[in-house]
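> Below is the file protein-v4.cif, with mmCIF, C-alpha atoms.
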data_final
loop_
_atom_site.label_atom_id
_atom_site.label_comp_id
_atom_site.auth_asym_id
_atom_site.auth_seq_id
_atom_site.Cartn_x
_atom_site.Cartn_y
_atom_site.Cartn_z
CA MET A 175 150.65 81.12 115.12
CA MET A 176 152.40 83.94 113.35
CA ASN A 177 154.80 86.00 115.42
CA HIS A 178 154.35 89.36 113.73
CA LYS A 179 152.76 92.20 115.64
CA LYS A 180 148.96 92.15 115.34
CA GLN A 181 146.66 95.13 115.23
CA ILE A 182 144.56 95.64 118.31
CA ASN A 183 141.52 96.77 116.39
CA ARG A 184 140.82 95.25 113.01
CA LEU A 185 137.73 95.97 110.94
CA ILE A 186 136.00 92.90 109.55
CA THR A 187 134.20 93.91 106.38
CA LEU A 188 134.94 91.17 103.87
CA PRO A 189 132.14 90.19 101.50
CA LEU A 190 130.32 86.98 102.20
CA THR A 191 132.34 84.55 100.13
CA LEU A 192 133.90 81.15 100.48
CA THR A 193 136.75 81.75 98.03
CA ALA A 194 139.39 82.16 100.72
CA LEU A 195 138.44 78.81 102.20
CA LEU A 196 138.71 76.63 99.10
CA PHE A 197 142.01 75.20 100.21
CA SER A 198 141.32 74.67 103.91
CA VAL A 199 141.94 71.26 105.39
CA SER A 200 140.58 69.57 108.45
CA ALA A 201 142.03 70.65 111.78
CA CYS A 202 142.57 66.95 112.45
CA SER A 203 145.86 67.16 110.59
CA ASN A 204 147.40 64.32 108.61
CA PRO A 205 150.61 64.94 106.64
CA SER A 206 149.36 62.84 103.73
CA ALA A 207 146.02 64.64 103.57
CA VAL A 208 146.60 67.61 101.30
CA ASN A 209 143.67 69.07 99.44
CA THR A 210 144.49 69.83 95.80
CA ASN A 211 142.42 71.34 93.03
CA LYS A 212 141.77 67.84 91.77
CA ASP A 213 140.68 66.68 95.22
CA LEU A 214 138.31 69.58 95.67
CA SER A 215 136.79 69.17 92.24
CA GLU A 216 135.79 65.66 93.24
CA TYR A 217 134.22 66.68 96.51
CA LYS A 218 130.55 67.41 96.80
CA GLU A 219 129.75 71.02 97.52
CA GLY A 220 127.44 69.91 100.34
CA GLN A 221 125.46 72.72 101.82
CA ALA A 222 128.28 75.12 102.65
CA SER A 223 127.40 77.74 100.06
CA VAL A 224 125.16 80.44 101.44
CA ASP A 225 121.81 80.88 99.73
CA ALA A 226 121.91 83.80 97.30
CA SER A 227 118.89 85.47 98.82
CA ILE A 228 120.54 85.49 102.24
CA ALA A 229 123.79 86.78 100.75
CA ASN A 230 121.99 89.90 99.57
CA MET A 231 120.93 90.84 103.11
CA GLU A 232 122.86 93.44 105.05
CA LYS A 233 125.67 91.77 106.97
CA PRO A 234 126.67 93.21 110.37
CA THR A 235 130.32 94.21 110.65
CA PHE A 236 132.59 94.57 113.64
CA ALA A 237 136.04 95.49 114.87
CA THR A 238 138.07 93.33 117.24
CA LYS A 239 139.65 94.47 120.48
CA ALA A 240 142.38 92.33 122.02
CA VAL A 241 142.20 92.00 125.81
CA THR A 242 145.00 89.56 126.67
CA THR A 243 146.86 86.50 125.36
CA PHE A 244 147.13 82.85 126.35
CA ASN A 245 149.31 79.83 125.68
CA GLU A 246 147.20 77.26 123.82
CA PRO A 247 143.80 78.22 125.21
CA TRP A 248 141.03 75.65 124.74
CA ALA A 249 137.77 76.72 126.38
CA MET A 250 136.10 79.58 128.20
CA THR A 251 132.98 80.30 130.19
CA ALA A 252 131.76 83.38 132.05
CA LEU A 253 131.39 83.82 135.78
CA PRO A 254 128.17 85.54 136.92
CA THR A 255 128.49 89.31 136.61
CA VAL A 256 128.32 91.41 139.77
CA ASN A 257 126.88 94.95 139.92
CA SER A 258 127.12 95.41 136.15
CA LYS A 259 130.90 95.06 136.24
CA ALA A 260 132.81 93.80 133.21
CA ALA A 261 132.63 90.07 132.60
CA LYS A 262 135.12 87.72 134.21
CA LEU A 263 135.94 84.59 132.23
CA LEU A 264 137.31 81.21 133.20
CA VAL A 265 139.77 80.12 130.50
CA THR A 266 141.54 76.74 130.21
CA GLN A 267 144.93 76.21 128.61
CA LYS A 268 145.72 72.79 127.17
CA THR A 269 148.99 72.65 129.09
CA GLY A 270 147.02 72.41 132.35
CA GLU A 271 146.26 75.94 133.58
CA LEU A 272 142.91 77.44 134.55
CA LEU A 273 142.80 81.24 134.61
CA ILE A 274 140.28 83.84 135.76
CA VAL A 275 140.37 86.80 133.37
CA ASP A 276 139.10 90.29 134.15
CA THR A 277 137.95 91.48 130.71
CA ALA A 278 138.10 95.12 131.82
CA THR A 279 141.83 95.03 132.55
CA GLY A 280 143.11 91.81 130.96
CA THR A 281 144.43 90.69 134.35
CA LYS A 282 144.82 86.90 134.59
CA THR A 283 144.74 85.04 137.90
CA THR A 284 145.83 81.39 138.06
CA VAL A 285 143.50 78.91 139.77
CA SER A 286 145.39 76.30 141.81
CA GLY A 287 144.41 72.70 142.44
CA ILE A 288 144.06 71.61 138.81
CA PRO A 289 144.47 67.84 138.36
CA LYS A 290 147.47 66.55 136.43
CA VAL A 291 146.67 66.45 132.73
CA ALA A 292 148.20 64.44 129.89
CA TYR A 293 149.27 67.19 127.52
CA GLY A 294 150.08 66.39 123.90
CA GLY A 295 148.47 66.27 120.49
CA GLN A 296 144.85 67.33 120.93
CA GLY A 297 144.94 66.41 124.62
CA GLY A 298 145.33 68.34 127.83
CA LEU A 299 143.02 70.49 129.91
CA GLY A 300 139.71 70.77 128.11
CA ASP A 301 136.27 72.24 128.68
CA ILE A 302 134.87 74.14 131.66
CA ILE A 303 131.26 74.98 132.54
CA LEU A 304 129.47 76.23 135.64
CA ALA A 305 127.13 73.97 137.57
CA PRO A 306 123.48 75.04 137.25
CA ASP A 307 123.51 75.91 140.96
CA PHE A 308 126.86 77.73 140.82
CA SER A 309 125.47 80.83 142.54
CA THR A 310 125.02 78.81 145.74
CA SER A 311 127.44 75.88 145.34
CA ASN A 312 130.39 77.45 143.45
CA ASN A 313 130.71 74.12 141.63
CA ILE A 314 132.22 73.82 138.18
CA TYR A 315 132.66 70.91 135.76
CA LEU A 316 136.00 70.37 134.06
CA SER A 317 137.20 67.94 131.38
CA TYR A 318 140.77 66.90 130.75
CA VAL A 319 142.89 64.06 129.38
CA GLU A 320 144.55 61.65 131.76
CA ALA A 321 147.21 59.03 131.09
CA GLY A 322 146.57 55.39 131.84
CA LYS A 323 148.50 53.31 134.35
CA GLY A 324 149.59 49.68 134.49
CA ALA A 325 148.04 47.79 131.59
CA ASP A 326 146.89 51.13 130.19
CA SER A 327 150.36 52.65 130.21
CA ASN A 328 150.90 54.87 127.14
CA LYS A 329 147.14 55.06 126.61
CA PHE A 330 144.92 58.09 127.16
CA GLY A 331 141.33 59.07 127.74
CA ALA A 332 139.18 62.04 128.67
CA LYS A 333 137.84 62.48 132.18
CA VAL A 334 135.21 64.80 133.67
CA ILE A 335 135.22 66.03 137.26
CA LYS A 336 133.13 68.30 139.43
CA ALA A 337 134.96 70.68 141.78
CA THR A 338 134.29 73.69 143.98
CA LEU A 339 135.83 76.99 142.90
CA THR A 340 136.87 78.95 145.98
CA GLY A 341 138.28 82.47 146.23
CA SER A 342 137.25 83.51 142.74
CA ASP A 343 137.23 87.15 143.87
CA THR A 344 140.68 86.93 145.46
CA ASP A 345 144.24 86.66 144.14
CA ARG A 346 144.46 82.99 145.24
CA PRO A 347 141.52 81.07 143.77
CA SER A 348 141.59 77.29 143.92
CA LEU A 349 139.66 74.13 143.12
CA GLN A 350 138.54 72.04 146.07
CA ALA A 351 136.50 68.87 146.67
CA MET A 352 137.11 67.28 143.27
CA THR A 353 134.66 64.48 142.43
CA PRO A 354 134.97 62.17 139.41
CA ILE A 355 131.90 62.22 137.17
CA TRP A 356 132.77 60.28 133.98
CA GLU A 357 135.64 58.94 131.89
CA GLN A 358 136.24 57.53 128.43
CA PHE A 359 136.38 53.76 128.17
CA PRO A 360 138.62 52.26 127.09
CA LYS A 361 141.77 54.35 127.12
CA VAL A 362 143.57 54.01 123.79
CA LYS A 363 146.86 55.00 122.20
CA GLY A 364 147.11 58.22 120.25
CA GLN A 365 146.24 61.77 121.26
CA GLY A 366 143.39 62.86 119.05
CA HIS A 367 139.59 63.18 118.93
CA TYR A 368 138.82 63.37 122.63
CA SER A 369 135.98 65.87 122.01
CA HIS A 370 135.16 66.19 125.77
CA ARG A 371 132.81 69.18 125.41
CA LEU A 372 130.41 69.76 128.32
CA LEU A 373 126.90 71.20 128.32
CA PHE A 374 123.96 71.32 130.73
CA SER A 375 120.37 71.13 129.53
CA PRO A 376 118.44 74.41 129.81
CA ASP A 377 116.63 73.15 132.93
CA GLY A 378 119.95 72.15 134.55
CA GLN A 379 118.82 68.57 135.02
CA TYR A 380 121.18 66.77 132.63
CA LEU A 381 124.87 66.92 131.74
CA TYR A 382 125.83 66.21 128.12
CA ILE A 383 129.37 65.13 127.26
CA SER A 384 130.75 64.65 123.75
CA SER A 385 133.07 61.66 123.51
CA GLY A 386 135.19 61.41 120.36
CA GLU A 387 136.07 58.13 118.67
CA ARG A 388 139.79 58.76 119.28
CA GLN A 389 140.63 58.51 115.56
CA GLU A 390 139.78 54.83 115.68
CA LYS A 391 136.54 55.04 113.61
CA THR A 392 134.90 51.73 114.63
CA PRO A 393 134.24 52.64 118.30
CA ALA A 394 131.55 55.06 117.09
CA GLN A 395 129.33 52.05 116.24
CA ASP A 396 130.50 49.81 119.10
CA MET A 397 127.92 49.71 121.89
CA SER A 398 130.43 48.21 124.36
CA VAL A 399 132.59 51.37 124.51
CA ASN A 400 131.62 54.99 125.16
CA LEU A 401 133.81 56.46 122.39
CA GLY A 402 132.14 58.14 119.43
CA LYS A 403 129.02 58.96 121.43
CA ILE A 404 127.18 61.85 123.06
CA ILE A 405 126.69 61.01 126.72
CA ARG A 406 123.77 62.12 128.94
CA LEU A 407 124.10 61.97 132.73
CA ASN A 408 122.62 63.40 135.87
CA PRO A 409 124.77 66.14 137.44
CA ASP A 410 126.22 63.64 139.92
CA GLY A 411 127.34 61.29 137.15
CA SER A 412 124.54 58.77 137.54
CA VAL A 413 122.49 57.66 134.53
CA PRO A 414 119.01 59.10 133.93
CA ALA A 415 116.27 56.47 133.89
CA ASP A 416 114.92 57.66 130.52
CA ASN A 417 118.15 57.37 128.52
CA PRO A 418 117.45 55.57 125.23
CA PHE A 419 119.62 52.48 125.74
CA MET A 420 118.65 51.65 129.31
CA ASN A 421 117.68 48.07 130.13
CA THR A 422 119.70 46.57 127.28
CA ASN A 423 121.90 44.47 129.61
CA ASN A 424 124.78 46.77 128.68
CA ASP A 425 125.72 49.09 131.52
CA ILE A 426 128.01 51.31 129.48
CA ALA A 427 125.37 51.85 126.78
CA ASP A 428 123.09 53.23 129.48
CA GLN A 429 125.14 56.45 129.26
CA PHE A 430 124.54 57.01 125.55
CA TRP A 431 122.20 59.67 124.19
CA THR A 432 123.33 59.30 120.55
CA THR A 433 125.87 57.19 118.66
CA GLY A 434 127.92 57.29 115.46
CA HIS A 435 129.96 60.45 116.06
CA ARG A 436 133.49 61.35 115.00
CA ASN A 437 134.74 64.45 116.84
CA VAL A 438 132.09 66.72 118.36
CA LEU A 439 133.65 69.98 119.57
CA GLY A 440 130.55 72.12 119.92
CA MET A 441 127.11 71.57 121.48
CA ALA A 442 124.34 74.07 122.26
CA PHE A 443 120.60 74.28 122.89
CA ASP A 444 118.65 76.73 120.74
CA ASP A 445 115.73 78.95 121.78
CA LYS A 446 113.31 76.06 121.29
CA GLY A 447 115.26 73.68 123.50
CA ARG A 448 116.65 71.64 120.61
CA LEU A 449 120.16 70.26 120.99
CA TRP A 450 122.60 70.93 118.16
CA ALA A 451 126.19 69.76 117.66
CA HIS A 452 128.87 70.26 115.05
CA GLU A 453 131.30 67.57 114.14
CA MET A 454 134.59 67.48 112.27
CA GLY A 455 134.52 65.36 109.14
CA PRO A 456 137.59 63.69 107.60
CA ARG A 457 138.64 65.23 104.24
CA GLY A 458 135.49 67.25 103.78
CA GLY A 459 132.11 66.66 105.33
CA ASP A 460 132.13 68.72 108.52
CA GLU A 461 128.61 68.39 109.96
CA PHE A 462 125.96 70.39 111.79
CA ASN A 463 123.48 68.00 113.39
CA LEU A 464 120.20 68.17 115.25
CA ILE A 465 120.82 65.78 118.15
CA GLU A 466 117.80 63.63 118.95
CA LYS A 467 117.38 60.88 121.50
CA GLY A 468 118.69 57.47 120.47
CA LYS A 469 119.69 58.36 116.91
CA ASN A 470 122.76 57.05 115.10
CA TYR A 471 124.68 59.66 113.07
CA GLY A 472 126.48 57.16 110.89
CA TRP A 473 130.23 57.56 111.38
CA PRO A 474 132.32 55.82 110.03
CA ILE A 475 129.84 54.01 107.79
CA VAL A 476 128.67 57.18 106.07
CA SER A 477 130.11 60.68 105.67
CA ASN A 478 129.95 63.45 103.10
CA GLY A 479 133.74 63.57 103.22
CA ARG A 480 136.50 61.15 102.25
CA ASN A 481 139.11 59.19 104.15
CA TYR A 482 142.49 60.91 104.52
CA THR A 483 143.90 58.33 102.11
CA GLY A 484 141.51 59.68 99.47
CA THR A 485 139.27 56.62 99.40
CA ASP A 486 135.56 57.21 99.25
CA ILE A 487 133.05 56.88 102.10
CA PRO A 488 129.38 56.33 101.20
CA ASP A 489 127.39 59.56 101.51
CA HIS A 490 124.62 60.05 104.04
CA ASP A 491 121.97 59.81 101.35
CA THR A 492 122.93 56.17 100.73
CA ARG A 493 121.84 55.18 104.25
CA PRO A 494 118.59 56.89 105.28
CA ASP A 495 118.55 54.76 108.44
CA PHE A 496 121.25 57.08 109.84
CA ALA A 497 120.49 60.66 110.91
CA ALA A 498 121.73 63.05 108.23
CA PRO A 499 123.32 66.44 109.00
CA GLU A 500 121.36 69.65 108.45
CA ILE A 501 124.50 71.30 107.06
CA THR A 502 127.70 69.81 105.68
CA TRP A 503 130.82 71.79 104.81
CA THR A 504 133.17 70.80 102.00
CA PRO A 505 135.73 72.43 102.00
CA VAL A 506 135.83 72.06 105.76
CA ILE A 507 135.53 74.84 108.31
CA SER A 508 137.04 72.77 111.18
CA PRO A 509 134.41 73.82 113.74
CA SER A 510 135.85 74.11 117.25
CA SER A 511 133.12 75.54 119.52
CA MET A 512 129.59 76.94 119.50
CA SER A 513 127.56 79.54 121.37
CA ILE A 514 123.98 80.71 120.81
CA TYR A 515 123.62 84.48 120.54
CA GLN A 516 121.23 85.93 123.12
CA ALA A 517 120.87 89.61 123.98
CA GLY A 518 121.27 90.29 127.69
CA LYS A 519 122.43 93.49 129.31
CA HIS A 520 124.00 94.18 125.93
CA ASN A 521 122.64 93.66 122.45
CA ASP A 522 125.72 94.17 120.30
CA PHE A 523 124.45 92.11 117.34
CA PRO A 524 120.63 92.11 117.18
CA ALA A 525 120.77 90.58 113.68
CA TRP A 526 122.28 87.44 115.22
CA GLN A 527 119.57 86.92 117.84
CA GLY A 528 118.98 83.20 118.37
CA ASN A 529 121.65 82.23 115.82
CA ALA A 530 124.49 79.79 116.43
CA LEU A 531 127.99 81.26 116.44
CA ILE A 532 130.62 78.72 115.38
CA SER A 533 134.39 79.21 115.59
CA GLY A 534 136.55 77.79 112.81
CA LEU A 535 140.14 76.56 112.94
CA SER A 536 141.41 75.87 109.40
CA SER A 537 138.78 78.26 108.03
CA LYS A 538 140.01 81.05 110.34
CA ALA A 539 136.43 82.19 110.49
CA LEU A 540 133.39 82.99 112.57
CA ILE A 541 130.35 81.28 111.05
CA VAL A 542 126.79 82.38 111.89
CA VAL A 543 124.07 79.73 111.43
CA SER A 544 120.33 80.37 111.51
CA PHE A 545 117.70 77.82 112.54
CA GLU A 546 114.64 76.99 110.46
CA LYS A 547 111.11 76.21 111.66
CA ASN A 548 111.23 72.70 110.22
CA ASN A 549 114.26 71.66 112.31
CA GLY A 550 116.60 72.73 109.52
CA ALA A 551 119.57 75.10 109.65
CA ALA A 552 121.55 77.17 107.18
CA GLU A 553 124.80 79.10 107.16
CA ARG A 554 123.89 82.77 107.22
CA TYR A 555 127.12 84.76 107.50
CA ARG A 556 130.80 84.00 107.44
CA TYR A 557 133.55 86.33 108.68
CA ASP A 558 137.22 85.84 107.84
CA VAL A 559 139.04 86.79 111.05
CA GLY A 560 142.54 85.89 109.87
CA GLU A 561 143.53 83.47 112.65
CA ARG A 562 142.52 80.00 113.80
CA ILE A 563 139.67 80.47 116.28
CA ARG A 564 139.41 77.99 119.13
CA GLY A 565 136.45 79.40 121.01
CA VAL A 566 133.43 81.70 120.74
CA LEU A 567 131.26 82.80 123.66
CA ASN A 568 128.22 85.03 123.99
CA VAL A 569 128.05 86.80 127.37
CA ASP A 570 125.01 89.00 127.96
CA GLY A 571 124.94 90.01 124.31
CA GLN A 572 128.69 90.60 124.00
CA VAL A 573 130.74 88.21 121.85
CA TRP A 574 134.22 86.95 122.69
CA LEU A 575 136.62 84.99 120.48
CA LEU A 576 139.59 82.94 121.61
CA GLU A 577 142.41 82.43 119.13
CA ASP A 578 144.16 79.09 118.93
CA GLY A 579 147.77 78.27 119.72
CA ALA A 580 150.68 80.04 121.40
CA LYS A 581 149.94 83.72 122.08
CA GLY A 582 146.28 83.15 121.22
CA ARG A 583 144.41 86.39 121.90
CA LEU A 584 141.12 86.95 123.68
CA LEU A 585 139.13 89.27 121.41
CA ARG A 586 135.95 91.20 121.99
CA LEU A 587 133.83 91.93 118.93
CA LEU A 588 132.83 95.60 118.73
CA PRO A 589 129.85 96.26 116.46
CA ASN A 590 130.09 99.04 113.89
#
As structure tokens, please, write out the structure in this file.


Amino acid sequence: MMNHKKQINRLITLPLTLTALLFSVSACSNPSAVNTNKDLSEYKEGQASVDASIANMEKPTFATKAVTTFNEPWAMTALPTVNSKAAKLLVTQKTGELLIVDTATGTKTTVSGIPKVAYGGQGGLGDIILAPDFSTSNNIYLSYVEAGKGADSNKFGAKVIKATLTGSDTDRPSLQAMTPIWEQFPKVKGQGHYSHRLLFSPDGQYLYISSGERQEKTPAQDMSVNLGKIIRLNPDGSVPADNPFMNTNNDIADQFWTTGHRNVLGMAFDDKGRLWAHEMGPRGGDEFNLIEKGKNYGWPIVSNGRNYTGTDIPDHDTRPDFAAPEITWTPVISPSSMSIYQAGKHNDFPAWQGNALISGLSSKALIVVSFEKNNGAAERYRYDVGERIRGVLNVDGQVWLLEDGAKGRLLRLLPN
């Protein structure tokens, strides 16, 4: 993160172009993986270029207003609003802090009772979402990375817990009654590709968890481990009876909703109840997928990107038995989170209604994706925001961005 003083309000009016992104690399950094002109000329363009007819449409513009800053923020969600007051957000920091943020004042209040996290690399405190019955239970779900013990010493894995948030309207909020819900198996060495994004189905009946393949590739196709999968559970952590791999004499596979994933850092349901997820590719080949029950998405057997060593990976079109992405991005955008735009008490960006908002790390961008009637999707707008963006969140028609890294700012988008 740059240390120079940043403007509080910055107008975003750049033309819709991908030129500034031609040299972006995956956020899953590798010192030997440097994109050169030669590399990029060999890559497939995928579907990242915006259709010319869409590019000619009027593109909404906005200014950004900084509210406060964080130290390595990772995720955010909104508490229910009370009496039309300004939104309050729950924000996690990778180093192990959970904060309640008053967006009207920028005041941050630390929540106590957070479990010990294994901080390092891509690991630490992760995602946070409200339970469907939060208004009565005050329960939240939290993901984080924990270190192994004994035989698993120096190994790591993601864990999900449920807890009760008490005193959220006081200066001493805390987490109580923590209950384990799920964990990655097995724990492995290294500190990358945990994924550990959390999402409830629109009806509140099912909890979805993205589980990365921990930079090990092969676990994504291994039905004896829950790495490289999207998991579907009941809110109490039990397995729904209609999961696709039930009754296969493999208890761990009972959890799986889909297989063959690399590093899923964003999941969301659209207006039609369809589940979408974006996934980081290797060198090229970031993906936007329609997630459907029991399907295999092909990693590491197929990808529209290349290995970090530069060696080729067969493209999706060589294996039609695997589910192919609706969008691929080469050069990469390094997608880090996703939120569906819905007008609520506010309607700051009516042109984005029902669209997916995706935050980009190496691309330093906000990407707007539209959904098609035939289950397709297409990039609609792209905004260069000048910093790595870790999170995007729609709250009642207002849009918030969370910058990555030390001194990452919480920004509100103000429509022009």

> May I ask for the distance between CA of Asn424 in chain A and CA of Gly300 in chain A, given in Å to one decimal place?

28.3 Å

> For each of A:Ser511, A:Asn590, A:Ser477, A:Asn400, take the minimum atom-to-atom distance to Leu372 in chain A, counting all atoms listed in the file, then give the residue where this is smallest.

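Looking only at the distances to Leu372 in chain A, the closest residue turns out to be A:Ser511.
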
> With distances taken over only C-alpha atoms, which of A:Met420, A:Ile501, A:Met441, A:Ile302 is nearest to Gly459 in chain A?

A:Ile501

> To one decimal place in Å, what is the distance between CA of Gly341 in chain A and CA of Thr310 in chain A?

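Spanning CA of Gly341 in chain A to CA of Thr310 in chain A is a straight-line distance of 13.8 Å.
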
> For Val569 in chain A, which residue among A:Pro488, A:Pro360, A:Gly434, A:Pro254 is the nearest when counting all atoms listed in the file?

A:Pro254

> Taking all atoms of range 510-515 of chain A that the file lists and extending 5 Å past them on each side, where is the centre of the axis-aligned box and how long are its edges? Answer in Å to one decimal, as lines of an AutoDock Vina configuration file.


center_x = 129.7
center_y = 79.3
center_z = 119.3
size_x = 22.2
size_y = 20.4
size_z = 14.1

> Find the residues near Ser258 in chain A: any atom within 12 Å, counting all atoms listed in the file, skip ones fewer than 5 places away on the same chain, and give them as a PyMOL selection string.

chain A and resi 278+518-520+570
